[in-house]
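Written below as structure tokens is the structure these notes are about.
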Amino acid sequence: MKSFSRIATIYGLLFVSATTFAQWSTTQAQTAAPSTTPAQAKPVVNEPAPQNSTPQPQPASSSPSPQQTASREQREQAYAKLLEGQRLLSDARRVTTAASLRLARQAFQSAASLDPSLAEAHAALAELAFYYPPQDFDTATREASQAARIDPNSFGAHRLLSRIYTLKSGLREGKLDKTFAERAVQELKEVARLDSNDAESWALLGEFYQATGRAQEAIAALTQWAAAPAPTETRFFQYVTNRELSTDAAAARLGEALIAAGRTTEAVAAIRRAIALNPENKDYSELLAQALEAGGNNEKAAAELQRMIAADPANPSLPRLLARIQARSGKIDEAVATIRAAMSKQPQGEQEQRMLRLYLAKLLSDALRHQDAIAVYEEALKDQGIGNALLASDEEREFAVVILQHILDLQKSAGLINDASATIERTRALLGKEDPTADEQQIAFLRFQGKRSEALQAIRAARQRFPEQSGFMRLEAETLADLGRVDEAVALLQPQLKGSLEDFDEYLTISSLYTQAGRGREAIEAARKALALAPAERTDLQTAALITLSSAQDRAGDINGSEESLRRVLTKEPDNATALNNLGYFLVERNERLNEALELIQRAVRAEPTNSSYLDSLGWVYFKLGQLENAERNLKEAARRNSTSSTIQEHLGDLYHRQGKAELARSAWQKALSLSLEGDKTARLKAKLNGRQGN
């Protein structure tokens, strides 16, 4: 089953954008050391590589012709001009002016003219063109290439070329240009040859190899990065990859690559090193859990974590990982005991104890032990002194909203209709009648029950009471679409468009509405507008837009476009569960590359094992592969976790039909029909019920 990634709230222009390349390059120009300092500058070419470099066959040097060979006097004059340019450039770093840059450029050009074999002059001209305004990549490429031809060991020239080609490769945008990517790789290899401890070159080589499916070469490069000293200049790598260039990040990235390659023992060792270097990074603990689980031996993973807990009993992330593995092995009571024991080691009322309690509630919720989970959430409210009286502080109100929503979701899932209604009224009592949260809950509850007309009335009443709450307008649009009135829904949202980033969420909603109505081309147009608004540095927005776009493209029959959009997401976020699931599901629906689809969906389920959409996808691909027992187990679990999905019920019906269980098939199809909101699905289900179609 497809699941759509949505951004719940857009903060307009209030978000802090990542450093643009222009800002980065200006800062780099002000702080980074030039490739040739006065102490290094010398009218001698082909200087030896650093002692720590790995000897390699040297590229053939393009020596100047006899007519270009400078006299001794010209070399001395060129050297003087080089030093003059470096002095001017040093002054420009303190106070950059157009005049100082112009004079520095003139000095370097004179040095290059006087002695064409002076690689340092060309490298300096390349740096000026790359780092200082007006930036000119063509000039930077030409001058750096000339410096490298004259002196194949010019570290600065190869570094600059590697950065230029990396930017041109599209690695940052997730749209790789193979020609520039290969040029970048060649230059990065040269940088690594000249300095085998250069973290940036190894890290970028790892990223390029990962992006082009060269797993073993990626692991080799990442291993070199992890062994390199911590660099001082990290901003270029951060700009290109949105990742850190630290030693702990290197170990973690190596761990990710090893997990993907199935080398889990080595992955665990790498990730444990990352944790040792930076124990505060919670992502590393999560990555460790993935590595341990990928090993396929839950008993061994649990024993490993128990040893780590004994060595570091105050670390609250380790018991969470152990409890997760225990829960996935079906040992829910052991998992509960693990978390309770960890809670007892934390001071009463401290943040870590609260987080462990909330994790315990989620663990019980995932196990469908609804009443037990509700009881733990009630403990959390009691711990904060929250009962039924009106709350005054914002902190208490925010906490109460989160916990009560969890309780409400559990009550809905368990079919406790009266309890759910009481929780909504409790929310109203705690927050007051001037807060719209209870109205939002009531509307969602009506939609959950299939009472769409009643929900529409409640939404319109709420819009009158809370005219400043734009979310109610979006809810009205979605409910109109549920009622088959998509044109009304879109017409409601279009006047809200402002021609700015604030429109991002509206376009995603419009695209989803059109997709639901089967109007793929209009859905694509809206999704592309959202994508165009997403800043390059906002990976989260780009991901949301691409996933929405892929669904629209699939609905419009553009299967190649749909797959390309999802693969763009996975280039940047290889473990994005939504993209993995959707790509796998689209392949299954087309009966294409089913084994690849199975692997993609399995990865999504490993990331979110209780997600009903992913479980449905897994059951469906097993169905297509003819593995009916696996299909039944996963489809039943999906239906157990989501009783209101028309798609899951239809898939169950198809499975029962294939198994010859006619009554069960008819019952599932009938339930799917009662939940269906889409015209084509409704027609298909009616045909199945009338015996005119079946799998």
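A note on labels: chains of the structure tokens are A, B, ... as shown, every chain counts residues from 1, and ligands are counted from 1 in their shown order.
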**OP:** Looking only at alpha helix (DSSP H) from DSSP on the backbone, list the matching residues of segment 90-333 of chain A as a PyMOL selection string.
**Re:** chain A and resi 90-94+98-114+119-131+137-150+155-169+178-194+199-211+215-227+235-241+247-260+264-277+282-294+298-311+317-328+332-333
**OP:** Excluding segment 464-480 of chain A and residues on its chain fewer than 6 positions from it, collect all residues at most 12 Å away from it, counting only C-alpha atoms, and give them as a ChimeraX atom specification.
**Re:** /A:8-10,433-437,439-441,443-444,446-448,450-458,486-496,502,505-517,677
Store the residues picked out above in a file with N, CA and C atoms, as a compact mmCIF listing (two decimals), in the first residue's frame.
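Generated file (again16.txt):
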```txt
# COMPACT_ATOMS: atom_id res chain seq x y z
N ALA A 8 3.11 18.44 8.13
CA ALA A 8 1.94 18.87 8.88
C ALA A 8 1.86 20.38 8.98
N THR A 9 2.98 21.03 9.19
CA THR A 9 2.96 22.47 9.40
C THR A 9 4.11 23.08 8.65
N ILE A 10 3.87 24.12 7.92
CA ILE A 10 4.92 24.84 7.22
C ILE A 10 5.08 26.19 7.89
N LYS A 433 -12.37 26.24 25.92
CA LYS A 433 -13.18 26.30 24.70
C LYS A 433 -12.57 27.18 23.63
N GLU A 434 -11.60 27.99 24.00
CA GLU A 434 -10.98 28.88 23.00
C GLU A 434 -9.85 28.19 22.24
N ASP A 435 -9.54 26.97 22.62
CA ASP A 435 -8.49 26.22 21.93
C ASP A 435 -9.15 25.29 20.90
N PRO A 436 -8.65 25.25 19.66
CA PRO A 436 -9.32 24.45 18.60
C PRO A 436 -8.97 22.97 18.61
N THR A 437 -8.08 22.52 19.49
CA THR A 437 -7.59 21.13 19.42
C THR A 437 -8.72 20.12 19.53
N ASP A 439 -11.82 20.45 18.76
CA ASP A 439 -12.61 20.46 17.52
C ASP A 439 -11.90 19.65 16.43
N GLU A 440 -10.58 19.80 16.35
CA GLU A 440 -9.82 19.03 15.36
C GLU A 440 -9.97 17.53 15.64
N GLN A 441 -9.90 17.16 16.91
CA GLN A 441 -10.05 15.75 17.27
C GLN A 441 -11.44 15.23 16.93
N ILE A 443 -13.50 16.31 14.62
CA ILE A 443 -13.64 16.20 13.16
C ILE A 443 -12.94 14.94 12.65
N ALA A 444 -11.71 14.71 13.14
CA ALA A 444 -10.98 13.50 12.73
C ALA A 444 -11.73 12.24 13.15
N LEU A 446 -15.01 11.89 13.50
CA LEU A 446 -16.15 11.71 12.60
C LEU A 446 -15.70 11.12 11.26
N ARG A 447 -14.60 11.62 10.73
CA ARG A 447 -14.10 11.08 9.47
C ARG A 447 -13.66 9.62 9.64
N PHE A 448 -13.05 9.31 10.78
CA PHE A 448 -12.65 7.95 11.08
C PHE A 448 -13.85 7.01 11.06
N GLY A 450 -16.41 7.35 9.27
CA GLY A 450 -17.06 7.39 7.97
C GLY A 450 -18.20 8.38 7.90
N LYS A 451 -18.34 9.24 8.91
CA LYS A 451 -19.43 10.22 8.94
C LYS A 451 -18.94 11.52 8.28
N ARG A 452 -18.79 11.45 6.95
CA ARG A 452 -18.14 12.55 6.25
C ARG A 452 -19.02 13.80 6.16
N SER A 453 -20.30 13.61 5.99
CA SER A 453 -21.19 14.78 5.94
C SER A 453 -21.23 15.49 7.28
N GLU A 454 -21.29 14.70 8.38
CA GLU A 454 -21.26 15.30 9.71
C GLU A 454 -19.93 16.01 9.95
N ALA A 455 -18.85 15.40 9.46
CA ALA A 455 -17.53 16.02 9.61
C ALA A 455 -17.48 17.35 8.88
N LEU A 456 -18.06 17.39 7.67
CA LEU A 456 -18.07 18.63 6.90
C LEU A 456 -18.81 19.74 7.65
N GLN A 457 -19.93 19.41 8.26
CA GLN A 457 -20.67 20.40 9.05
C GLN A 457 -19.84 20.88 10.24
N ALA A 458 -19.18 19.95 10.91
CA ALA A 458 -18.36 20.32 12.07
C ALA A 458 -17.19 21.21 11.65
N VAL A 486 -14.09 16.99 -5.64
CA VAL A 486 -12.71 17.44 -5.68
C VAL A 486 -12.57 18.85 -6.25
N ASP A 487 -13.40 19.21 -7.24
CA ASP A 487 -13.29 20.57 -7.81
C ASP A 487 -13.63 21.63 -6.76
N GLU A 488 -14.63 21.35 -5.93
CA GLU A 488 -14.95 22.26 -4.84
C GLU A 488 -13.77 22.35 -3.87
N ALA A 489 -13.15 21.21 -3.62
CA ALA A 489 -12.03 21.17 -2.69
C ALA A 489 -10.88 22.03 -3.17
N VAL A 490 -10.52 21.88 -4.45
CA VAL A 490 -9.40 22.64 -5.00
C VAL A 490 -9.75 24.13 -5.06
N ALA A 491 -10.98 24.43 -5.45
CA ALA A 491 -11.42 25.84 -5.52
C ALA A 491 -11.34 26.51 -4.16
N LEU A 492 -11.52 25.74 -3.09
CA LEU A 492 -11.43 26.29 -1.74
C LEU A 492 -10.00 26.70 -1.40
N LEU A 493 -9.01 25.93 -1.90
CA LEU A 493 -7.62 26.17 -1.54
C LEU A 493 -6.91 27.17 -2.44
N GLN A 494 -7.29 27.23 -3.70
CA GLN A 494 -6.56 28.07 -4.65
C GLN A 494 -6.48 29.54 -4.27
N PRO A 495 -7.53 30.15 -3.71
CA PRO A 495 -7.40 31.56 -3.33
C PRO A 495 -6.38 31.80 -2.22
N GLN A 496 -5.96 30.75 -1.53
CA GLN A 496 -5.00 30.92 -0.44
C GLN A 496 -3.55 31.00 -0.94
N GLU A 502 5.17 29.67 1.32
CA GLU A 502 4.00 29.34 2.12
C GLU A 502 2.99 28.49 1.35
N ASP A 505 2.72 23.61 1.18
CA ASP A 505 1.81 22.61 1.72
C ASP A 505 0.48 22.58 0.98
N GLU A 506 0.04 23.76 0.51
CA GLU A 506 -1.22 23.81 -0.24
C GLU A 506 -1.10 23.01 -1.54
N TYR A 507 0.04 23.17 -2.22
CA TYR A 507 0.23 22.43 -3.48
C TYR A 507 0.30 20.92 -3.23
N LEU A 508 0.95 20.51 -2.13
CA LEU A 508 0.97 19.09 -1.82
C LEU A 508 -0.45 18.56 -1.59
N THR A 509 -1.24 19.35 -0.86
CA THR A 509 -2.62 18.93 -0.61
C THR A 509 -3.41 18.85 -1.90
N ILE A 510 -3.28 19.86 -2.75
CA ILE A 510 -4.00 19.86 -4.03
C ILE A 510 -3.60 18.65 -4.87
N SER A 511 -2.29 18.36 -4.90
CA SER A 511 -1.82 17.20 -5.66
C SER A 511 -2.44 15.91 -5.13
N SER A 512 -2.46 15.75 -3.82
CA SER A 512 -3.03 14.54 -3.22
C SER A 512 -4.53 14.43 -3.50
N LEU A 513 -5.22 15.57 -3.49
CA LEU A 513 -6.66 15.55 -3.79
C LEU A 513 -6.92 15.09 -5.22
N TYR A 514 -6.12 15.62 -6.15
CA TYR A 514 -6.28 15.22 -7.55
C TYR A 514 -5.90 13.74 -7.74
N THR A 515 -4.85 13.29 -7.05
CA THR A 515 -4.45 11.88 -7.15
C THR A 515 -5.58 10.98 -6.67
N GLN A 516 -6.17 11.35 -5.53
CA GLN A 516 -7.27 10.57 -4.98
C GLN A 516 -8.44 10.50 -5.96
N ALA A 517 -8.65 11.60 -6.70
CA ALA A 517 -9.76 11.65 -7.66
C ALA A 517 -9.41 11.02 -9.00
N LEU A 677 -13.27 5.17 -1.15
CA LEU A 677 -13.55 6.57 -1.49
C LEU A 677 -13.27 6.86 -2.96
```
Subject >> Surrounding residues of Asp558 of chain A excluding itself and chain neighbours under 4 positions, 12 Å, only C-alpha atoms, as a ChimeraX atom specification >> reply: /A:520-521,524,549-554,562-565,586,590
Can you write just those residues out, C-alpha atoms, as a compact mmCIF listing (two decimals), in the first residue's frame?
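Output file again-v2.txt is given in full below:
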```txt
# COMPACT_ATOMS: atom_id res chain seq x y z
CA GLY A 520 -3.13 12.40 -12.56
CA ARG A 521 -2.05 15.22 -14.87
CA ILE A 524 1.51 16.16 -11.33
CA LEU A 549 4.92 13.71 -7.33
CA SER A 550 5.71 10.02 -7.75
CA SER A 551 2.21 9.06 -6.63
CA ALA A 552 0.69 11.56 -9.07
CA GLN A 553 2.88 10.24 -11.90
CA ASP A 554 1.88 6.67 -11.11
CA SER A 562 7.19 7.80 -10.91
CA GLU A 563 10.14 5.47 -10.42
CA GLU A 564 12.66 8.23 -11.20
CA SER A 565 11.12 10.53 -8.56
CA PHE A 586 4.46 0.41 -7.66
CA ARG A 590 2.90 -3.46 -12.47
```
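Neighbouring residues of Val376 of chain A at 9 Å or closer, counting only C-alpha atoms and skipping chain neighbours under 3 positions away, are Arg357, Leu358, Leu360, Ala361, Leu364, Gln371, Asp372, Ala373, Glu379, Ala380 and Leu381 of chain A.
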Output N, CA and C atoms for every residue in that selection, as an mmCIF file, in the first residue's frame.
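Produced file part_17.cif, reproduced below:
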```cif
data_model
loop_
_atom_site.group_PDB
_atom_site.id
_atom_site.type_symbol
_atom_site.label_atom_id
_atom_site.label_comp_id
_atom_site.auth_asym_id
_atom_site.auth_seq_id
_atom_site.Cartn_x
_atom_site.Cartn_y
_atom_site.Cartn_z
ATOM 1 N N ARG A 357 9.231 6.232 29.637
ATOM 2 C CA ARG A 357 7.821 5.886 29.863
ATOM 3 C C ARG A 357 7.033 5.988 28.553
ATOM 4 N N LEU A 358 7.300 7.036 27.780
ATOM 5 C CA LEU A 358 6.597 7.185 26.505
ATOM 6 C C LEU A 358 6.990 6.070 25.533
ATOM 7 N N LEU A 360 7.794 3.071 26.441
ATOM 8 C CA LEU A 360 7.079 1.893 26.930
ATOM 9 C C LEU A 360 5.640 1.895 26.430
ATOM 10 N N ALA A 361 4.998 3.061 26.461
ATOM 11 C CA ALA A 361 3.622 3.147 25.975
ATOM 12 C C ALA A 361 3.544 2.802 24.490
ATOM 13 N N LEU A 364 3.927 -0.975 23.957
ATOM 14 C CA LEU A 364 2.664 -1.680 24.245
ATOM 15 C C LEU A 364 1.624 -1.402 23.159
ATOM 16 N N GLN A 371 -5.127 -1.297 26.260
ATOM 17 C CA GLN A 371 -5.427 -0.856 27.622
ATOM 18 C C GLN A 371 -4.147 -0.648 28.425
ATOM 19 N N ASP A 372 -3.162 -1.537 28.246
ATOM 20 C CA ASP A 372 -1.891 -1.378 28.956
ATOM 21 C C ASP A 372 -1.198 -0.087 28.519
ATOM 22 N N ALA A 373 -1.223 0.178 27.212
ATOM 23 C CA ALA A 373 -0.588 1.401 26.700
ATOM 24 C C ALA A 373 -1.291 2.640 27.245
ATOM 25 N N GLU A 379 -0.153 7.263 33.346
ATOM 26 C CA GLU A 379 0.947 7.452 34.295
ATOM 27 C C GLU A 379 1.749 8.706 33.933
ATOM 28 N N ALA A 380 1.983 8.880 32.630
ATOM 29 C CA ALA A 380 2.754 10.038 32.182
ATOM 30 C C ALA A 380 2.034 11.340 32.535
ATOM 31 N N LEU A 381 0.721 11.379 32.344
ATOM 32 C CA LEU A 381 -0.051 12.573 32.708
ATOM 33 C C LEU A 381 0.001 12.809 34.214
#
```
**OP:** Considering only C-alpha atoms, return as a PyMOL selection string whatever protein or nucleic-acid residues lie within 10 Å of Val191 of chain A, sequence-local ones (same chain, fewer than 2 positions apart) excluded.
**Re:** chain A and resi 53+153-162+185-189+193-198+200-202
Subject >> atom CA of Asn576 of chain A to atom CA of Ser613 of chain A, distance in Å rounded to a single decimal >> reply: 14.4 Å
Subject >> Within 10 Å of segment 298-301 of chain A using only C-alpha atoms, minus same-chain residues under 2 positions, as number ranges by chain >> reply: A: 288-289, 291-296, 303-306, 321-322, 325-326, 328-329
As a PDB file with N, CA and C atoms, in the first residue's frame, please: the residues near segment 625-633 of chain A (cut-off 9 Å, only C-alpha atoms, same-chain neighbours under 2 positions excluded).
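Writing done, so here's out16.pdb:
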```pdb
ATOM      1  N   LEU A 594       9.646  -8.353  -9.301  1.00  0.00           N
ATOM      2  CA  LEU A 594       9.024  -8.644  -8.005  1.00  0.00           C
ATOM      3  C   LEU A 594      10.052  -8.945  -6.923  1.00  0.00           C
ATOM      4  N   ASN A 595      11.169  -9.547  -7.276  1.00  0.00           N
ATOM      5  CA  ASN A 595      12.188  -9.825  -6.262  1.00  0.00           C
ATOM      6  C   ASN A 595      12.806  -8.532  -5.745  1.00  0.00           C
ATOM      7  N   ASP A 616       0.978  -4.292   4.513  1.00  0.00           N
ATOM      8  CA  ASP A 616       0.097  -4.617   3.394  1.00  0.00           C
ATOM      9  C   ASP A 616       0.907  -4.813   2.112  1.00  0.00           C
ATOM     10  N   LEU A 618       3.986  -5.722   1.881  1.00  0.00           N
ATOM     11  CA  LEU A 618       4.742  -6.967   1.995  1.00  0.00           C
ATOM     12  C   LEU A 618       3.839  -8.174   1.723  1.00  0.00           C
ATOM     13  N   GLY A 619       2.638  -8.162   2.290  1.00  0.00           N
ATOM     14  CA  GLY A 619       1.700  -9.242   2.010  1.00  0.00           C
ATOM     15  C   GLY A 619       1.338  -9.317   0.539  1.00  0.00           C
ATOM     16  N   TRP A 620       1.197  -8.167  -0.088  1.00  0.00           N
ATOM     17  CA  TRP A 620       0.786  -8.125  -1.491  1.00  0.00           C
ATOM     18  C   TRP A 620       1.871  -8.655  -2.419  1.00  0.00           C
ATOM     19  N   VAL A 621       3.148  -8.320  -2.123  1.00  0.00           N
ATOM     20  CA  VAL A 621       4.209  -8.842  -2.988  1.00  0.00           C
ATOM     21  C   VAL A 621       4.351 -10.347  -2.794  1.00  0.00           C
ATOM     22  N   TYR A 622       4.163 -10.849  -1.574  1.00  0.00           N
ATOM     23  CA  TYR A 622       4.166 -12.303  -1.374  1.00  0.00           C
ATOM     24  C   TYR A 622       3.023 -12.956  -2.150  1.00  0.00           C
ATOM     25  N   PHE A 623       1.862 -12.295  -2.179  1.00  0.00           N
ATOM     26  CA  PHE A 623       0.717 -12.794  -2.947  1.00  0.00           C
ATOM     27  C   PHE A 623       1.091 -12.928  -4.421  1.00  0.00           C
ATOM     28  N   LEU A 635      -0.865  -9.737   5.553  1.00  0.00           N
ATOM     29  CA  LEU A 635      -2.105  -9.008   5.286  1.00  0.00           C
ATOM     30  C   LEU A 635      -3.021  -9.022   6.507  1.00  0.00           C
ATOM     31  N   LYS A 636      -3.071 -10.131   7.224  1.00  0.00           N
ATOM     32  CA  LYS A 636      -3.880 -10.177   8.447  1.00  0.00           C
ATOM     33  C   LYS A 636      -3.330  -9.212   9.496  1.00  0.00           C
ATOM     34  N   GLU A 637      -2.001  -9.158   9.604  1.00  0.00           N
ATOM     35  CA  GLU A 637      -1.398  -8.239  10.577  1.00  0.00           C
ATOM     36  C   GLU A 637      -1.676  -6.790  10.184  1.00  0.00           C
ATOM     37  N   ALA A 638      -1.615  -6.494   8.883  1.00  0.00           N
ATOM     38  CA  ALA A 638      -1.933  -5.141   8.414  1.00  0.00           C
ATOM     39  C   ALA A 638      -3.374  -4.785   8.753  1.00  0.00           C
ATOM     40  N   LEU A 652      -6.919  -8.653   1.098  1.00  0.00           N
ATOM     41  CA  LEU A 652      -7.315  -9.854   1.837  1.00  0.00           C
ATOM     42  C   LEU A 652      -8.360 -10.653   1.055  1.00  0.00           C
ATOM     43  N   LEU A 655      -6.693 -12.506  -1.707  1.00  0.00           N
ATOM     44  CA  LEU A 655      -5.974 -13.655  -1.176  1.00  0.00           C
ATOM     45  C   LEU A 655      -6.936 -14.808  -0.882  1.00  0.00           C
ATOM     46  N   TYR A 656      -8.023 -14.518  -0.174  1.00  0.00           N
ATOM     47  CA  TYR A 656      -8.985 -15.574   0.161  1.00  0.00           C
ATOM     48  C   TYR A 656      -9.581 -16.184  -1.105  1.00  0.00           C
ATOM     49  N   ARG A 658      -8.066 -16.498  -3.996  1.00  0.00           N
ATOM     50  CA  ARG A 658      -7.043 -17.381  -4.552  1.00  0.00           C
ATOM     51  C   ARG A 658      -6.978 -18.694  -3.766  1.00  0.00           C
ATOM     52  N   GLN A 659      -7.208 -18.607  -2.442  1.00  0.00           N
ATOM     53  CA  GLN A 659      -7.157 -19.803  -1.595  1.00  0.00           C
ATOM     54  C   GLN A 659      -8.444 -20.630  -1.657  1.00  0.00           C
TER      55      GLN A 659
END
```
Subject >> Nearest to Gln210 of chain A by atom-to-atom distance, counting only C-alpha atoms, from A:Ala228, A:Leu258, A:Arg183, A:Leu430 >> reply: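 Comparing A:Ala228, A:Leu258, A:Arg183, A:Leu430 against Gln210 of chain A, the winner is A:Leu258.
In this structure, atom CA of Val605 of chain A sits 21.6 Å away from atom CA of Leu318 of chain A.
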Dump as JSON lines the rows for residues of segment 339-381 of chain A within 9 Å of segment 405-411 of chain A: closest atom pair and distance in Å with one decimal, only C-alpha atoms counted, ordered by chain and rising residue number.
```
{"residue": "A:Lys362", "atom": "CA", "partner": "A:His406", "partner_atom": "CA", "distance": 8.9}
{"residue": "A:Ser365", "atom": "CA", "partner": "A:Leu410", "partner_atom": "CA", "distance": 7.3}
{"residue": "A:Leu368", "atom": "CA", "partner": "A:Leu410", "partner_atom": "CA", "distance": 8.6}
{"residue": "A:His370", "atom": "CA", "partner": "A:Leu410", "partner_atom": "CA", "distance": 5.9}
{"residue": "A:Gln371", "atom": "CA", "partner": "A:Leu410", "partner_atom": "CA", "distance": 8.2}
{"residue": "A:Ala373", "atom": "CA", "partner": "A:Leu410", "partner_atom": "CA", "distance": 8.0}
{"residue": "A:Ile374", "atom": "CA", "partner": "A:Ile407", "partner_atom": "CA", "distance": 5.7}
{"residue": "A:Tyr377", "atom": "CA", "partner": "A:Ile407", "partner_atom": "CA", "distance": 7.0}
{"residue": "A:Glu378", "atom": "CA", "partner": "A:Ile407", "partner_atom": "CA", "distance": 8.5}
```
Subject >> From A:Ser393, A:Thr241, A:Gln290, A:Asn611, residue lying nearest Gly255 of chain A [only C-alpha atoms] >> reply: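 Result for the nearest residue to Gly255 of chain A: A:Gln290.
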